[in-house]
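To start, the structure under review is shown below, and the notes come after it.
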Amino acid sequence: MTQPEDLPKDAERRLEQLEHGLFTSDLSVNEFLLIKEVGFHPLGFVMGSSIYHTGIQMRKWGQSQELTKLTEAMYNARELAMTRMEEEATELGADGVVGVRLDVNYYEWGNDAAEFIAMGTAVKAENGASYRNKAGKPFTSDLSGQDFWTIMQTGHVPQGLVMGTCVYHIAHRGLIQAIGSTGQNVELPNFTQALYEARELAMTRMQDEATELGATGIVGVRLEEKSHQWGSHTIEFLALGTAVVKTQDGVALPRPTTIISLDN
Amino acid sequence: MAEDALPEAAERRLRSGAWSSGLSSADFAACLAMGLEPVGLVQGFCVMRWGWYGTGNPYMSPWSPYASSGGRGYSEVFRCPHYGYVMSGEHRTWGQNYEQTWVEDAWHQGFGSAYARLVQEAAQAGAHGVIGVVDSVRHLSDMSVTEFHMLGTAVVVGGATHPSGAPPWTTYLAGQRLAKLIEAGFMPVSLAVAMSSVRVWAYCMTDYLMEGRNFSWGGYGAQEVDQVVRARMAVRQIARKHVRDQLGGDSLHGARMQTSGWSLAEGDEVVECTLRGTRVRRYKDFGPVVPPVPTVRLT
Amino acid sequence: MTGAEEPAPDVRAELRRAVTALASPGASGHGVTSDLSIDEALLLHSIGWEPVDLVCGVSVASVPAGVWSWGMGEIAVASDAQGLAFTGAVQRISEECRRVRGHGVVGVHVEVTVDRHHIDVELVGTAVRPVQGAEGGEVFVSDLSGRDFTLLHQAGWGPVGLAHGASFVYAPRRSAATSIRQTGANVELTNYTEAMYSARELAMERMQQTAITMRGTGIVEVKVTEGPMPFAGHAIGFSAWGTTVRLVADGHRYLQPRMVVPLDDAVVSFEAESLRG
């Protein structure tokens, strides 16, 4: 789908510094210590970005529909950013990336383009075992240090950050018509149908990615809605989660200590 | 207003039976648990006028960098390094940093008066101490006036008698944080607050560098602006020194340092720094502290 | 102590005892000025360290005025200015720390202000030292809180200094936006990507270089900030900083945290909440 591009020269130089033993991470001290507890060591802060054209011709379409070209654009933009981040992680010899954040920035270039950034901390198992996923690439996950520790305790291993997106346009006329004809409390069936479908599409696509990775399940699913700079009738639905796979059966979890904290 | 006469309304309020307190419910409960009983809300207030220190006073006119600290306080002179150049009349051949001790004196007088009135209200109400003090300093610049206001909750220590003639102790803390402080072995004595003010009369280098005109006289490339750096370091050091002079061997807990500055024309600026905290005294040594157990919460 | 339980009677007795200390002035003699909370002071004591004094360092570096435009690459003078200002501020706070015989500074609050013609850096923190300490060597400066400093110390790590890097790039103007509109949708704008990506990487690389110079093993709690800058119409600045750390014990000491399940949550939040992002 997307071709891996060359990383900029500055990135290569920076990664070289990291390969000589220095590690960087934007993990908090808590997260750093918890990652060590499950036998991983941080390698370096990794990131990827891409500036993508996201403009659309504003038209008042007659019916609500998915804007497939835009969906593709939003997906490709994030994929590119993530792929570059993965490449940086691969360059460092990482097993995975934790704490991945996906951000979108709009700058002076107005309504037609946005910058998509993916950043996280690359980690490596200290015992030398490989934790790379089915595709042979370092796993990505938006799990925090604490969540990563918790998941590993349950005998699951992250496989990758999975996402599904759908850009949906809500028809102008349909909406006004629907509102005009009601005086009572009533569901707007067309409206409901449209937004329901959009969310389902986003989540289905996310699940497909997880299946491709051979995952057992997805944790920490988030469904976000953004209008970016298209006005309120066009919305992007983004479903994000971390796909995990069960590696050990019958893991005996240590009994958690129950505490009653008396101060909040 | 006479030194020791509080407003009539204050006297009436403090004499009445019911008390009010500025504490939140949680802090209130924590205080009662410690054995502190609120006896009333107390406040202190003072307005200082800056007439003498504003523009119009010949010492403050922009043409005269001779308004010095009169021998007291920090002062440094900077001289132009551009020898042998033909320069325009605007080239400022020398400049000075100095501590505006008169501004500091006025500020301390205003703050001190407000504080003294707060303490007096508390003493009048028979309190042993004042907790949860909130203070605010507001400039009403178009009227060259500064208001000092502080509010606190006067308390009595249950089962203890306060030495007669001794002023009530005061602190910014209340509730849980006060309890922890006391359990750790510290007793609040009073607020410790100081302010410092430094004026920068720029010389040529500062003037050019602060306007980004490096390429003319300042030399190429980015450089530190020495005069401004020294002024800003000095203002913070002076505030800390003022506070340390008030401590008398005790310590300052919960220090809060705030700096503000504003630039005047051509690289000139004024920097001010206030440092606030509670003066505390040790009454017992630290017991052995066990390192806490790290936990991960599962919610 | 927000519950309705009866508190330990100790606190009341402690308070009555504490009040008697007011009668005898200034026994200890060595005054400490600290902005640490009492919890942090206790944590420090639990590893045998103590706060010494409040210390600061500031610096102001000028940015020479100039004319920049897109495609010219990095605005080097601005990057230099921020680097200079940061280094200057760190030097001064280190000097203050040395003067009060601290071994290092924790809880440093870092403030970077980019103005039209100058970049200002202000650092404020509390100098600390081991209670039974011999004179230290190099002084460390870190933005780790007292709590994080203690945790890392228990795990065998110690802070070395503040690593920092910055880079500034010029962003395209609206006229460039028209050329963007002319290309079709669903296309990456490679020139712009390259420039922004490079600028970020450069800031990070400089930060890493400062850590290597300090002979640290790693940098934790890296903060990356970016945003439009006031000194040139369309300049974007990237800053990255964090605390450089090094293993001081023989090896990493595992803390083996306990899993706890607090039972005092009144309401169990629905998982549906998390779906909303």
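In the structure tokens, chains take the letters A, B, ... in the order shown, each chain's residues start at 1, and ligands count up from 1 in the order shown.
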
Might you pull out every residue within 12 Å of B:Pro292, with only C-alpha atoms counted and same-chain residues fewer than 6 positions away left off, and present them as a VMD selection string? chain C and resid 39 to 40 42 to 47 147 150 to 151 154 255 257 to 258

Selected residues written out with N, CA and C atoms, as a compact mmCIF listing (two decimals), in the first residue's frame:
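The resulting file, result00.txt, is reproduced below:
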```
# COMPACT_ATOMS: atom_id res chain seq x y z
N ASP C 39 6.36 15.97 51.40
CA ASP C 39 6.48 14.57 50.94
C ASP C 39 7.82 14.35 50.26
N GLU C 40 8.21 15.27 49.39
CA GLU C 40 9.47 15.11 48.67
C GLU C 40 10.64 15.19 49.63
N LEU C 42 10.66 14.25 52.69
CA LEU C 42 10.73 12.98 53.41
C LEU C 42 11.29 11.88 52.52
N LEU C 43 10.88 11.87 51.24
CA LEU C 43 11.41 10.86 50.32
C LEU C 43 12.92 10.99 50.21
N LEU C 44 13.41 12.23 50.11
CA LEU C 44 14.85 12.44 50.03
C LEU C 44 15.53 11.87 51.26
N HIS C 45 14.94 12.13 52.42
CA HIS C 45 15.54 11.63 53.66
C HIS C 45 15.55 10.12 53.70
N SER C 46 14.56 9.50 53.04
CA SER C 46 14.51 8.03 53.08
C SER C 46 15.68 7.42 52.33
N ILE C 47 16.33 8.17 51.42
CA ILE C 47 17.53 7.63 50.77
C ILE C 47 18.79 8.32 51.29
N ARG C 147 10.54 13.17 43.91
CA ARG C 147 10.03 11.81 43.95
C ARG C 147 10.70 10.93 42.90
N THR C 150 14.28 10.12 43.75
CA THR C 150 14.36 9.06 44.76
C THR C 150 14.14 7.69 44.14
N LEU C 151 13.13 7.56 43.28
CA LEU C 151 12.82 6.28 42.63
C LEU C 151 14.00 5.78 41.81
N GLN C 154 16.80 4.56 43.96
CA GLN C 154 16.55 3.22 44.49
C GLN C 154 16.84 2.16 43.45
N LEU C 255 12.79 -3.18 41.24
CA LEU C 255 12.00 -2.72 42.38
C LEU C 255 10.90 -3.69 42.76
N PRO C 257 7.51 -4.03 41.94
CA PRO C 257 6.35 -3.34 42.50
C PRO C 257 5.22 -4.32 42.75
N ARG C 258 4.40 -3.96 43.73
CA ARG C 258 3.24 -4.80 44.05
C ARG C 258 2.06 -4.29 43.25
```

Which parts of stretch 198-235 of chain B does DSSP call strand (DSSP E) when run on the backbone here, written out as an NGL selection string? :B and (198-201)

Can you work out which one of A:Arg13, A:Lys124, A:Arg132, A:Lys137 has the shortest atom-to-atom distance to A:Pro42, counting only C-alpha atoms?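 So, comparing all the options, the nearest one is A:Lys124.
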
Contacts of stretch 178-182 of chain B within 12 Å, only C-alpha atoms, excl. fewer than 5 positions in-chain, as number ranges by chain: B: 27-36, 130-132, 170-173, 187-189, 253-254, 278-286; C: 1, 7-8, 10-19, 21, 36-42

Give me the residues within 6 Å of stretch 18-25 of chain A as a ChimeraX atom specification, counting only C-alpha atoms and dropping any in the same chain fewer than 4 places off. /A:43-45,121 /C:217-220,222

Pick the closest to C:Asp53 from B:Leu252, B:Ala26, B:Cys273, B:Gly221: which is it, counting only C-alpha atoms? B:Leu252

Please report, as a Markdown table, each residue of chain C lying at most 6 Å from chain B, together with the nearest pair of atoms and the separation in Å rounded to one decimal; use only C-alpha atoms, and order rows by chain and ascending residue number.
```
| residue | atom | partner | partner_atom | distance |
| --- | --- | --- | --- | --- |
| C:Val11 | CA | B:Met34 | CA | 5.6 |
| C:Arg12 | CA | B:Met34 | CA | 5.0 |
| C:Ala18 | CA | B:Met187 | CA | 5.5 |
| C:Ala21 | CA | B:Tyr283 | CA | 5.6 |
| C:Gly26 | CA | B:Gly249 | CA | 5.1 |
| C:Gly29 | CA | B:Gly249 | CA | 4.2 |
| C:His30 | CA | B:Gly249 | CA | 5.6 |
| C:Gly31 | CA | B:Ser251 | CA | 4.2 |
| C:Val32 | CA | B:Ser251 | CA | 4.6 |
| C:Thr33 | CA | B:Leu252 | CA | 4.5 |
| C:Ser34 | CA | B:His253 | CA | 5.7 |
| C:Asp35 | CA | B:Ala255 | CA | 4.4 |
| C:Ser46 | CA | B:Val289 | CA | 4.8 |
| C:Ser59 | CA | B:Val229 | CA | 5.4 |
| C:Val60 | CA | B:Glu224 | CA | 5.5 |
| C:Ala61 | CA | B:Glu224 | CA | 4.1 |
| C:Ser62 | CA | B:Ala222 | CA | 5.4 |
| C:Val63 | CA | B:Ala222 | CA | 5.4 |
| C:Pro64 | CA | B:Gly212 | CA | 4.3 |
| C:Ala65 | CA | B:Gly212 | CA | 4.9 |
| C:Val77 | CA | B:Ala222 | CA | 5.8 |
| C:Ala81 | CA | B:Ala222 | CA | 5.0 |
| C:His117 | CA | B:Gly212 | CA | 5.0 |
| C:Pro257 | CA | B:Thr295 | CA | 4.8 |
| C:Arg258 | CA | B:Thr295 | CA | 4.6 |
| C:Met259 | CA | B:Val296 | CA | 5.0 |
| C:Val260 | CA | B:Arg297 | CA | 5.0 |
| C:Val261 | CA | B:Leu298 | CA | 5.4 |
```

Can I get the selection written as a compact mmCIF listing (two decimals), in the first residue's frame, with C-alpha atoms?
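Printed below is part_39.txt as written:
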```
# COMPACT_ATOMS: atom_id res chain seq x y z
CA VAL C 11 -0.79 14.50 65.96
CA ARG C 12 -2.44 16.59 68.65
CA ALA C 18 5.83 21.78 68.36
CA ALA C 21 9.66 25.27 70.11
CA GLY C 26 16.51 29.50 66.07
CA GLY C 29 21.34 27.63 62.89
CA HIS C 30 21.50 26.25 59.38
CA GLY C 31 18.52 27.59 57.47
CA VAL C 32 17.33 25.74 54.41
CA THR C 33 15.26 27.44 51.67
CA SER C 34 13.42 24.87 49.66
CA ASP C 35 10.49 24.71 47.26
CA SER C 46 14.51 8.03 53.08
CA SER C 59 20.30 33.66 30.56
CA VAL C 60 19.29 35.92 27.70
CA ALA C 61 20.75 35.44 24.22
CA SER C 62 20.11 37.81 21.36
CA VAL C 63 18.85 36.67 17.99
CA PRO C 64 20.26 38.88 15.26
CA ALA C 65 17.55 40.25 13.02
CA VAL C 77 21.22 32.03 14.58
CA ALA C 81 20.76 31.58 20.61
CA HIS C 117 14.93 39.55 19.32
CA PRO C 257 6.35 -3.34 42.50
CA ARG C 258 3.24 -4.80 44.05
CA MET C 259 0.01 -4.88 42.12
CA VAL C 260 -2.71 -3.18 44.13
CA VAL C 261 -6.45 -2.96 43.66
```

Compare B:Ser24, B:Ser196, B:Thr259, B:Thr93 by their minimum atom-to-atom distance to B:Lys241, counting only C-alpha atoms, and give me the closest one.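 Of B:Ser24, B:Ser196, B:Thr259, B:Thr93, the one nearest B:Lys241, counting only C-alpha atoms, is B:Ser196.
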
Using Å and a single decimal, report how far atom CA of A:Asn30 sits from atom CA of C:Gly104.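 Between these atoms lies a distance of 21.2 Å.
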
Among the residues C:Glu221, C:Thr210, C:Glu74, C:His252, the one that comes closest to A:Glu126 [using only C-alpha atoms]: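 Of the candidates, the smallest distance to A:Glu126 is held by C:His252.
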
Tell me which protein, DNA and RNA residues are within 8 Å of C:His109, counting only C-alpha atoms, leaving out same-chain ones fewer than 5 positions away, and put them as a list of chain:residue names.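 Within the cut-off, the hits are C:Glu122, C:Leu123, C:Val124, C:Gly125, C:Asp143.
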
Would you mind listing what lies within 6 Å of B:Met48 as a PDB file with C-alpha atoms, in the first residue's frame, with only C-alpha atoms counted and same-chain residues fewer than 4 positions away left out?
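For reference, around_35.pdb as written:
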```
ATOM      1  CA  GLY B 110       3.001  48.008  52.501  1.00  0.00           C
ATOM      2  CA  VAL B 145      -1.263  52.767  43.803  1.00  0.00           C
ATOM      3  CA  THR B 146      -0.581  49.263  45.129  1.00  0.00           C
TER       4      THR B 146
END
```

Go through stretch 107-187 of chain B and collect every residue that DSSP, computed from the backbone, puts in alpha helix (DSSP H); the answer should be as a PyMOL selection string. chain B and resi 107-124+175-183

Shell of 6 Å around stretch 145-159 of chain A, only C-alpha atoms, local chain residues under 4 positions omitted, as an MDAnalysis selection string: chainID A and resid 31 133 139 243:248

May I ask for the distance between atom CA of B:Thr153 and atom CA of B:Val133, given in Å to one decimal place?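 Calculated distance between atom CA of B:Thr153 and atom CA of B:Val133 is 7.1 Å.
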
For chain C, the nearest of the candidates A:Lys36, A:His169, A:His41, A:Arg78, counting only C-alpha atoms: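 Checking each candidate against chain C, we get A:Lys36 as the closest.
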
One decimal, in Å: what's the spacing between atom CA of C:Val110 and atom CA of A:Met85?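 We find that atom CA of C:Val110 and atom CA of A:Met85 lie 28.2 Å from each other.
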